[in-house]
Amino acid sequence: MTRPIILALPKGRILEEAAAVFRRAGFDLSPVLGDSRRLVHDCGPLRVLVLRSSDVATYVTHGTADVGVAGSDVLDEEGRDLFEPLDLAIGRCRMIVAERAECPEPARPGSSGPGGHVPTSGHASHAASAWDEAADRAQAHLRVATKYPRTTRAYLQRKGITAEVIKLSGAIELGPLTGLCDRIVDITQTGETLRQNGLVEIDTVAQVSSRLVVNPARLKLDGDRLAALIDALEHAVS
């Protein structure tokens, strides 16, 4: 009996979007959508594992899954050795830099707290000037909170900005509101959560979408079937 191709998919909204892409490619994943409590589903030639989005790349890296669907934000942050043959054009959002709509000046060494207020326009088109103003404060100590420290440090290095990067796991928007940080790097789709928390975007770090990822060793061992899957999905998203 032929072993099924093991596919790792993330829970949530992306699961439905991914199922639609696979349906167009000729794979029926309706069992995955029918029972949210089950985590393993047999769908014809595919066995589907339903995981947290942050775990998909781990399962594929270690060969527990042959292929998976993972966000480019997670892939860029973790830097795993995976084959990424296809952008599935789903789960589109942006990784952005944001700060308070009225942003307090970062605390200087030896000070007891934030200084005066620096008004900002809040538009991404003013990103360069916003960062330049921050960099010009020679004594300023910028702090940036994020779930993506590796990506954030690379972004800051490209911009020539020195800042302390603080890793958080959730509720990133709370950082600037409580004084933990001056800015955040986070994912947004519409920007509504930022607006509701009095934050404005000042730059875009990256465009994010979901990618098909393949374990390189499995690709060598089961190349024909995995190549056929990739080809079918490529036609589905073209």
# chains A, B, ... in the order shown; residues from 1 in each chain; ligands from 1
$ residues_around --residues "Gly26 (chain A)" --least-positions-apart "6" --cutoff "12 Å" --atoms "only C-alpha atoms" --output "list in words"
Ala19, Ala20, Cys43, Gly44, Pro45, Leu46, Ala228, Leu229, Ile230, Asp231, Ala232, Leu233, Glu234, His235 and Ala236 of chain A
$ write_last_selection --atoms "all heavy atoms" --output "tab-separated table (two decimals), in the first residue's frame"
chain	number	residue	atom	x	y	z
A	19	ALA	N	-7.44	24.96	1.81
A	19	ALA	CA	-8.32	23.89	1.32
A	19	ALA	C	-8.91	24.26	-0.04
A	19	ALA	O	-9.06	23.40	-0.92
A	19	ALA	CB	-9.42	23.62	2.33
A	20	ALA	N	-9.23	25.54	-0.22
A	20	ALA	CA	-9.78	25.99	-1.51
A	20	ALA	C	-8.74	25.85	-2.63
A	20	ALA	O	-9.07	25.44	-3.75
A	20	ALA	CB	-10.25	27.44	-1.39
A	43	CYS	N	-7.29	12.18	3.56
A	43	CYS	CA	-8.00	12.80	2.43
A	43	CYS	C	-7.46	12.22	1.13
A	43	CYS	O	-6.67	12.87	0.41
A	43	CYS	CB	-7.82	14.32	2.46
A	43	CYS	SG	-8.38	15.12	3.98
A	44	GLY	N	-7.85	10.98	0.85
A	44	GLY	CA	-7.37	10.33	-0.37
A	44	GLY	C	-5.87	10.12	-0.31
A	44	GLY	O	-5.35	9.50	0.62
A	45	PRO	N	-5.14	10.67	-1.28
A	45	PRO	CA	-3.68	10.47	-1.31
A	45	PRO	C	-2.93	11.31	-0.28
A	45	PRO	O	-1.71	11.17	-0.14
A	45	PRO	CB	-3.30	10.90	-2.73
A	45	PRO	CG	-4.35	11.90	-3.09
A	45	PRO	CD	-5.62	11.42	-2.45
A	46	LEU	N	-3.64	12.18	0.44
A	46	LEU	CA	-3.01	13.07	1.42
A	46	LEU	C	-3.45	12.70	2.84
A	46	LEU	O	-4.62	12.39	3.08
A	46	LEU	CB	-3.37	14.53	1.15
A	46	LEU	CG	-3.05	15.09	-0.23
A	46	LEU	CD1	-3.52	16.53	-0.32
A	46	LEU	CD2	-1.57	14.97	-0.53
A	228	ALA	N	4.40	16.14	-8.80
A	228	ALA	CA	3.04	16.21	-9.36
A	228	ALA	C	2.14	17.08	-8.50
A	228	ALA	O	1.32	17.85	-9.02
A	228	ALA	CB	2.46	14.79	-9.46
A	229	LEU	N	2.30	16.98	-7.18
A	229	LEU	CA	1.52	17.83	-6.27
A	229	LEU	C	1.87	19.29	-6.47
A	229	LEU	O	0.98	20.15	-6.57
A	229	LEU	CB	1.80	17.41	-4.82
A	229	LEU	CG	1.21	18.29	-3.72
A	229	LEU	CD1	-0.31	18.26	-3.76
A	229	LEU	CD2	1.72	17.88	-2.35
A	230	ILE	N	3.15	19.59	-6.54
A	230	ILE	CA	3.59	20.98	-6.73
A	230	ILE	C	3.06	21.52	-8.05
A	230	ILE	O	2.58	22.66	-8.13
A	230	ILE	CB	5.13	21.06	-6.68
A	230	ILE	CG1	5.63	20.72	-5.27
A	230	ILE	CG2	5.62	22.45	-7.08
A	230	ILE	CD1	7.13	20.48	-5.20
A	231	ASP	N	3.14	20.71	-9.10
A	231	ASP	CA	2.68	21.14	-10.43
A	231	ASP	C	1.18	21.42	-10.41
A	231	ASP	O	0.72	22.43	-10.98
A	231	ASP	CB	3.00	20.05	-11.45
A	231	ASP	CG	2.67	20.49	-12.87
A	231	ASP	OD1	3.27	21.49	-13.33
A	231	ASP	OD2	1.82	19.85	-13.51
A	232	ALA	N	0.39	20.56	-9.75
A	232	ALA	CA	-1.05	20.77	-9.68
A	232	ALA	C	-1.39	22.04	-8.92
A	232	ALA	O	-2.28	22.81	-9.32
A	232	ALA	CB	-1.72	19.56	-9.01
A	233	LEU	N	-0.66	22.30	-7.84
A	233	LEU	CA	-0.92	23.52	-7.05
A	233	LEU	C	-0.48	24.76	-7.83
A	233	LEU	O	-1.14	25.81	-7.76
A	233	LEU	CB	-0.17	23.45	-5.73
A	233	LEU	CG	-0.73	22.43	-4.71
A	233	LEU	CD1	0.23	22.25	-3.55
A	233	LEU	CD2	-2.10	22.90	-4.18
A	234	GLU	N	0.60	24.64	-8.57
A	234	GLU	CA	1.06	25.78	-9.36
A	234	GLU	C	0.01	26.18	-10.39
A	234	GLU	O	-0.25	27.38	-10.60
A	234	GLU	CB	2.38	25.43	-10.04
A	234	GLU	CG	3.00	26.61	-10.79
A	234	GLU	CD	4.38	26.27	-11.32
A	234	GLU	OE1	4.75	25.07	-11.31
A	234	GLU	OE2	5.08	27.20	-11.75
A	235	HIS	N	-0.60	25.19	-11.02
A	235	HIS	CA	-1.67	25.49	-11.99
A	235	HIS	C	-2.90	26.07	-11.28
A	235	HIS	O	-3.62	26.92	-11.83
A	235	HIS	CB	-2.07	24.23	-12.75
A	235	HIS	CG	-1.11	23.88	-13.85
A	235	HIS	ND1	0.01	23.12	-13.65
A	235	HIS	CD2	-1.11	24.20	-15.17
A	235	HIS	CE1	0.67	22.98	-14.79
A	235	HIS	NE2	0.01	23.63	-15.73
A	236	ALA	N	-3.14	25.66	-10.03
A	236	ALA	CA	-4.31	26.14	-9.28
A	236	ALA	C	-4.19	27.60	-8.89
A	236	ALA	O	-5.20	28.29	-8.76
A	236	ALA	CB	-4.52	25.28	-8.04
$ residues_around --residues "region 202-210 of chain A" --least-positions-apart "2" --cutoff "7 Å" --atoms "only C-alpha atoms" --output "PyMOL selection string"
chain A and resi 69-73+87-98+122-124+126-127+155+200+212
$ write_last_selection --atoms "N, CA and C atoms" --output "CSV table (one decimal), in the first residue's frame"
chain,number,residue,atom,x,y,z
A,69,VAL,N,2.1,24.2,4.5
A,69,VAL,CA,1.7,25.5,4.1
A,69,VAL,C,2.1,26.4,5.3
A,70,ALA,N,3.0,27.4,5.1
A,70,ALA,CA,3.5,28.2,6.2
A,70,ALA,C,3.6,29.6,5.7
A,71,GLY,N,3.4,30.6,6.6
A,71,GLY,CA,3.5,32.0,6.3
A,71,GLY,C,5.0,32.4,6.1
A,72,SER,N,5.2,33.3,5.1
A,72,SER,CA,6.5,33.8,4.8
A,72,SER,C,7.1,34.5,6.0
A,73,ASP,N,6.3,35.0,6.9
A,73,ASP,CA,6.8,35.7,8.1
A,73,ASP,C,7.5,34.7,9.0
A,87,ASP,N,4.5,30.3,-4.0
A,87,ASP,CA,3.7,31.2,-3.2
A,87,ASP,C,2.3,30.9,-3.6
A,88,LEU,N,1.5,30.5,-2.5
A,88,LEU,CA,0.1,30.1,-2.8
A,88,LEU,C,-0.8,31.3,-2.9
A,89,ALA,N,-0.3,32.5,-2.7
A,89,ALA,CA,-1.1,33.7,-2.8
A,89,ALA,C,-2.3,33.8,-1.9
A,90,ILE,N,-2.2,33.2,-0.7
A,90,ILE,CA,-3.2,33.3,0.3
A,90,ILE,C,-2.6,33.8,1.6
A,91,GLY,N,-3.5,34.2,2.6
A,91,GLY,CA,-3.0,34.7,3.8
A,91,GLY,C,-2.2,36.0,3.7
A,92,ARG,N,-2.6,36.8,2.7
A,92,ARG,CA,-1.8,38.0,2.5
A,92,ARG,C,-2.0,39.0,3.6
A,93,CYS,N,-0.9,39.6,4.0
A,93,CYS,CA,-0.9,40.7,5.0
A,93,CYS,C,0.4,41.3,4.9
A,94,ARG,N,0.7,42.3,5.9
A,94,ARG,CA,1.9,43.0,5.9
A,94,ARG,C,2.6,42.9,7.2
A,95,MET,N,3.9,42.9,7.2
A,95,MET,CA,4.7,43.1,8.4
A,95,MET,C,5.1,44.6,8.5
A,96,ILE,N,4.7,45.3,9.5
A,96,ILE,CA,4.8,46.7,9.6
A,96,ILE,C,5.5,47.2,10.9
A,97,VAL,N,6.0,48.4,10.8
A,97,VAL,CA,6.5,49.1,12.0
A,97,VAL,C,5.4,50.1,12.4
A,98,ALA,N,5.1,50.2,13.7
A,98,ALA,CA,4.0,51.1,14.2
A,98,ALA,C,4.5,51.7,15.5
A,122,GLY,N,1.8,59.4,10.8
A,122,GLY,CA,1.2,58.1,10.9
A,122,GLY,C,1.1,57.4,9.5
A,123,HIS,N,1.7,58.0,8.5
A,123,HIS,CA,1.6,57.4,7.1
A,123,HIS,C,2.9,56.7,6.8
A,124,ALA,N,2.8,55.5,6.1
A,124,ALA,CA,4.0,54.8,5.8
A,124,ALA,C,4.9,55.6,4.9
A,126,HIS,N,6.0,58.4,5.2
A,126,HIS,CA,6.9,59.2,6.0
A,126,HIS,C,7.9,58.4,6.8
A,127,ALA,N,8.0,57.1,6.5
A,127,ALA,CA,8.8,56.2,7.3
A,127,ALA,C,10.2,56.6,7.4
A,155,TYR,N,16.0,44.1,9.6
A,155,TYR,CA,15.3,45.3,9.1
A,155,TYR,C,16.1,46.5,9.6
A,200,VAL,N,-0.1,54.0,14.8
A,200,VAL,CA,-0.1,54.3,13.3
A,200,VAL,C,1.1,53.6,12.7
A,212,LEU,N,4.1,27.2,0.0
A,212,LEU,CA,4.2,25.7,0.0
A,212,LEU,C,5.7,25.4,0.4
$ select_by_dssp --residues "region 3-218 of chain A" --states "alpha helix (DSSP H)" --output "MDAnalysis selection string"
chainID A and resid 13:24 30:34 56:61 72:78 127:136 149:159 174:178 192:196 216:218
$ atom_distance --atom1 "CA of Pro149 (chain A)" --atom2 "CA of Thr178 (chain A)"
19.7 Å
$ residues_around --residues "Val144 (chain A)" --least-positions-apart "2" --cutoff "10 Å" --atoms "only C-alpha atoms" --output "short mmCIF file (atom, residue, chain, number, x, y, z; two decimals) with all heavy atoms, in the first residue's frame"
data_model
loop_
_atom_site.label_atom_id
_atom_site.label_comp_id
_atom_site.auth_asym_id
_atom_site.auth_seq_id
_atom_site.Cartn_x
_atom_site.Cartn_y
_atom_site.Cartn_z
N VAL A 97 5.97 48.42 10.80
CA VAL A 97 6.46 49.11 11.99
C VAL A 97 5.38 50.11 12.39
O VAL A 97 4.81 50.81 11.54
CB VAL A 97 7.77 49.88 11.71
CG1 VAL A 97 8.29 50.53 12.99
CG2 VAL A 97 8.81 48.96 11.11
N ALA A 98 5.08 50.17 13.69
CA ALA A 98 4.05 51.10 14.16
C ALA A 98 4.49 51.73 15.47
O ALA A 98 5.33 51.19 16.21
CB ALA A 98 2.71 50.39 14.35
N GLU A 99 3.91 52.89 15.76
CA GLU A 99 4.16 53.60 17.01
C GLU A 99 2.88 54.31 17.43
O GLU A 99 1.88 54.30 16.70
CB GLU A 99 5.29 54.61 16.83
CG GLU A 99 4.95 55.73 15.87
CD GLU A 99 6.05 56.74 15.68
OE1 GLU A 99 7.21 56.47 16.05
OE2 GLU A 99 5.75 57.83 15.13
N LEU A 142 16.22 53.61 21.58
CA LEU A 142 15.00 53.10 20.96
C LEU A 142 14.78 51.65 21.36
O LEU A 142 15.71 50.85 21.39
CB LEU A 142 15.11 53.19 19.44
CG LEU A 142 14.94 54.57 18.81
CD1 LEU A 142 15.24 54.48 17.32
CD2 LEU A 142 13.55 55.11 19.05
N THR A 146 8.46 42.91 19.41
CA THR A 146 8.00 42.13 18.26
C THR A 146 7.98 40.64 18.59
O THR A 146 8.66 40.18 19.51
CB THR A 146 8.94 42.36 17.05
OG1 THR A 146 8.44 41.65 15.93
CG2 THR A 146 10.36 41.90 17.36
N PRO A 149 12.01 38.78 16.31
CA PRO A 149 13.27 39.48 16.61
C PRO A 149 14.32 39.36 15.51
O PRO A 149 15.02 40.34 15.22
CB PRO A 149 13.74 38.82 17.92
CG PRO A 149 13.02 37.51 17.99
CD PRO A 149 11.70 37.75 17.31
N THR A 152 13.28 41.56 12.63
CA THR A 152 13.36 42.96 13.05
C THR A 152 14.79 43.45 13.08
O THR A 152 15.10 44.56 12.63
CB THR A 152 12.70 43.13 14.43
OG1 THR A 152 11.32 42.77 14.34
CG2 THR A 152 12.81 44.56 14.92
N ARG A 153 15.70 42.65 13.61
CA ARG A 153 17.11 43.06 13.66
C ARG A 153 17.67 43.24 12.25
O ARG A 153 18.44 44.17 11.99
CB ARG A 153 17.94 42.04 14.45
CG ARG A 153 17.63 42.04 15.95
CD ARG A 153 18.63 41.19 16.73
NE ARG A 153 18.25 41.18 18.14
CZ ARG A 153 17.57 40.19 18.73
NH1 ARG A 153 17.22 39.12 18.02
NH2 ARG A 153 17.26 40.26 20.00
N LEU A 156 16.29 46.56 10.92
CA LEU A 156 16.96 47.70 11.54
C LEU A 156 18.37 47.88 10.99
O LEU A 156 18.82 49.00 10.76
CB LEU A 156 17.00 47.53 13.06
CG LEU A 156 15.66 47.60 13.78
CD1 LEU A 156 15.81 47.17 15.23
CD2 LEU A 156 15.04 48.98 13.69
N ALA A 163 18.83 49.82 17.85
CA ALA A 163 17.69 49.77 18.78
C ALA A 163 17.74 48.47 19.56
O ALA A 163 18.29 47.46 19.10
CB ALA A 163 16.37 49.87 18.02
N GLU A 164 17.17 48.50 20.75
CA GLU A 164 16.99 47.29 21.54
C GLU A 164 15.74 46.58 21.05
O GLU A 164 14.68 47.18 20.94
CB GLU A 164 16.85 47.64 23.02
CG GLU A 164 16.60 46.44 23.92
CD GLU A 164 16.33 46.82 25.36
OE1 GLU A 164 16.36 48.03 25.69
OE2 GLU A 164 16.07 45.90 26.17
N VAL A 165 15.86 45.29 20.77
CA VAL A 165 14.73 44.50 20.29
C VAL A 165 14.22 43.64 21.44
O VAL A 165 14.98 42.87 22.04
CB VAL A 165 15.11 43.61 19.09
CG1 VAL A 165 13.93 42.74 18.66
CG2 VAL A 165 15.57 44.49 17.92
N ILE A 166 12.93 43.78 21.76
CA ILE A 166 12.31 43.05 22.86
C ILE A 166 11.35 42.02 22.27
O ILE A 166 10.45 42.37 21.51
CB ILE A 166 11.53 44.01 23.78
CG1 ILE A 166 12.47 45.09 24.33
CG2 ILE A 166 10.85 43.25 24.91
CD1 ILE A 166 11.74 46.21 25.06
N LYS A 167 11.55 40.75 22.62
CA LYS A 167 10.68 39.69 22.09
C LYS A 167 9.44 39.54 22.96
O LYS A 167 9.53 39.37 24.18
CB LYS A 167 11.42 38.36 22.02
CG LYS A 167 10.60 37.26 21.32
CD LYS A 167 11.36 35.96 21.23
CE LYS A 167 10.63 34.94 20.36
NZ LYS A 167 9.21 34.73 20.71
N GLY A 175 2.65 47.15 23.91
CA GLY A 175 4.00 47.62 24.24
C GLY A 175 4.15 49.13 24.27
O GLY A 175 4.56 49.71 25.30
N PRO A 176 3.83 49.84 23.17
CA PRO A 176 3.99 51.30 23.19
C PRO A 176 3.02 52.00 24.15
O PRO A 176 3.32 53.08 24.65
CB PRO A 176 3.68 51.69 21.73
CG PRO A 176 3.85 50.45 20.94
CD PRO A 176 3.45 49.34 21.84
N LEU A 180 6.64 50.08 27.45
CA LEU A 180 7.63 49.02 27.32
C LEU A 180 8.57 49.29 26.14
O LEU A 180 9.76 49.00 26.20
CB LEU A 180 6.94 47.67 27.12
CG LEU A 180 7.86 46.48 26.83
CD1 LEU A 180 8.71 46.15 28.06
CD2 LEU A 180 7.06 45.25 26.40
N CYS A 181 8.01 49.86 25.08
CA CYS A 181 8.80 50.08 23.87
C CYS A 181 8.32 51.35 23.18
O CYS A 181 7.27 51.90 23.51
CB CYS A 181 8.70 48.89 22.93
SG CYS A 181 7.01 48.58 22.36
N ASP A 182 9.11 51.79 22.22
CA ASP A 182 8.76 52.96 21.42
C ASP A 182 7.99 52.58 20.16
O ASP A 182 7.09 53.30 19.74
CB ASP A 182 10.04 53.72 21.02
CG ASP A 182 10.89 54.06 22.22
OD1 ASP A 182 10.44 54.86 23.05
OD2 ASP A 182 12.00 53.50 22.34
N ARG A 183 8.37 51.44 19.59
CA ARG A 183 7.74 50.99 18.35
C ARG A 183 7.56 49.49 18.39
O ARG A 183 8.16 48.79 19.22
CB ARG A 183 8.60 51.39 17.14
CG ARG A 183 8.69 52.91 16.97
CD ARG A 183 9.34 53.28 15.64
NE ARG A 183 9.22 54.69 15.43
CZ ARG A 183 10.18 55.59 15.67
NH1 ARG A 183 11.35 55.18 16.10
NH2 ARG A 183 9.98 56.88 15.45
N ILE A 184 6.73 48.99 17.48
CA ILE A 184 6.53 47.55 17.35
C ILE A 184 6.72 47.14 15.90
O ILE A 184 6.57 47.96 14.98
CB ILE A 184 5.12 47.12 17.82
CG1 ILE A 184 4.02 47.76 16.95
CG2 ILE A 184 4.91 47.43 19.30
CD1 ILE A 184 2.62 47.21 17.21
N VAL A 185 7.08 45.90 15.70
CA VAL A 185 7.05 45.27 14.38
C VAL A 185 6.07 44.11 14.50
O VAL A 185 6.25 43.21 15.32
CB VAL A 185 8.44 44.77 13.95
CG1 VAL A 185 8.34 43.92 12.68
CG2 VAL A 185 9.38 45.95 13.72
#
$ select_by_dssp --residues "region 153-199 of chain A" --states "strand (DSSP E or B)" --output "list in words"
Glu164, Val165, Ile166, Lys167, Arg183, Ile184, Val185, Asp186, Ile187, Thr188 and Leu199 of chain A
$ atom_distance --atom1 "CA of Leu82 (chain A)" --atom2 "CA of Val56 (chain A)"
11.5 Å
$ residues_around --residues "Lys147 (chain A)" --least-positions-apart "5" --cutoff "8 Å" --atoms "only C-alpha atoms" --output "list in words"
Lys167, Leu168, Ser169, Gly170, Ile172, Val185 and Asp186 of chain A
$ atom_distance --atom1 "CA of Arg3 (chain A)" --atom2 "CA of Arg211 (chain A)"
23.8 Å
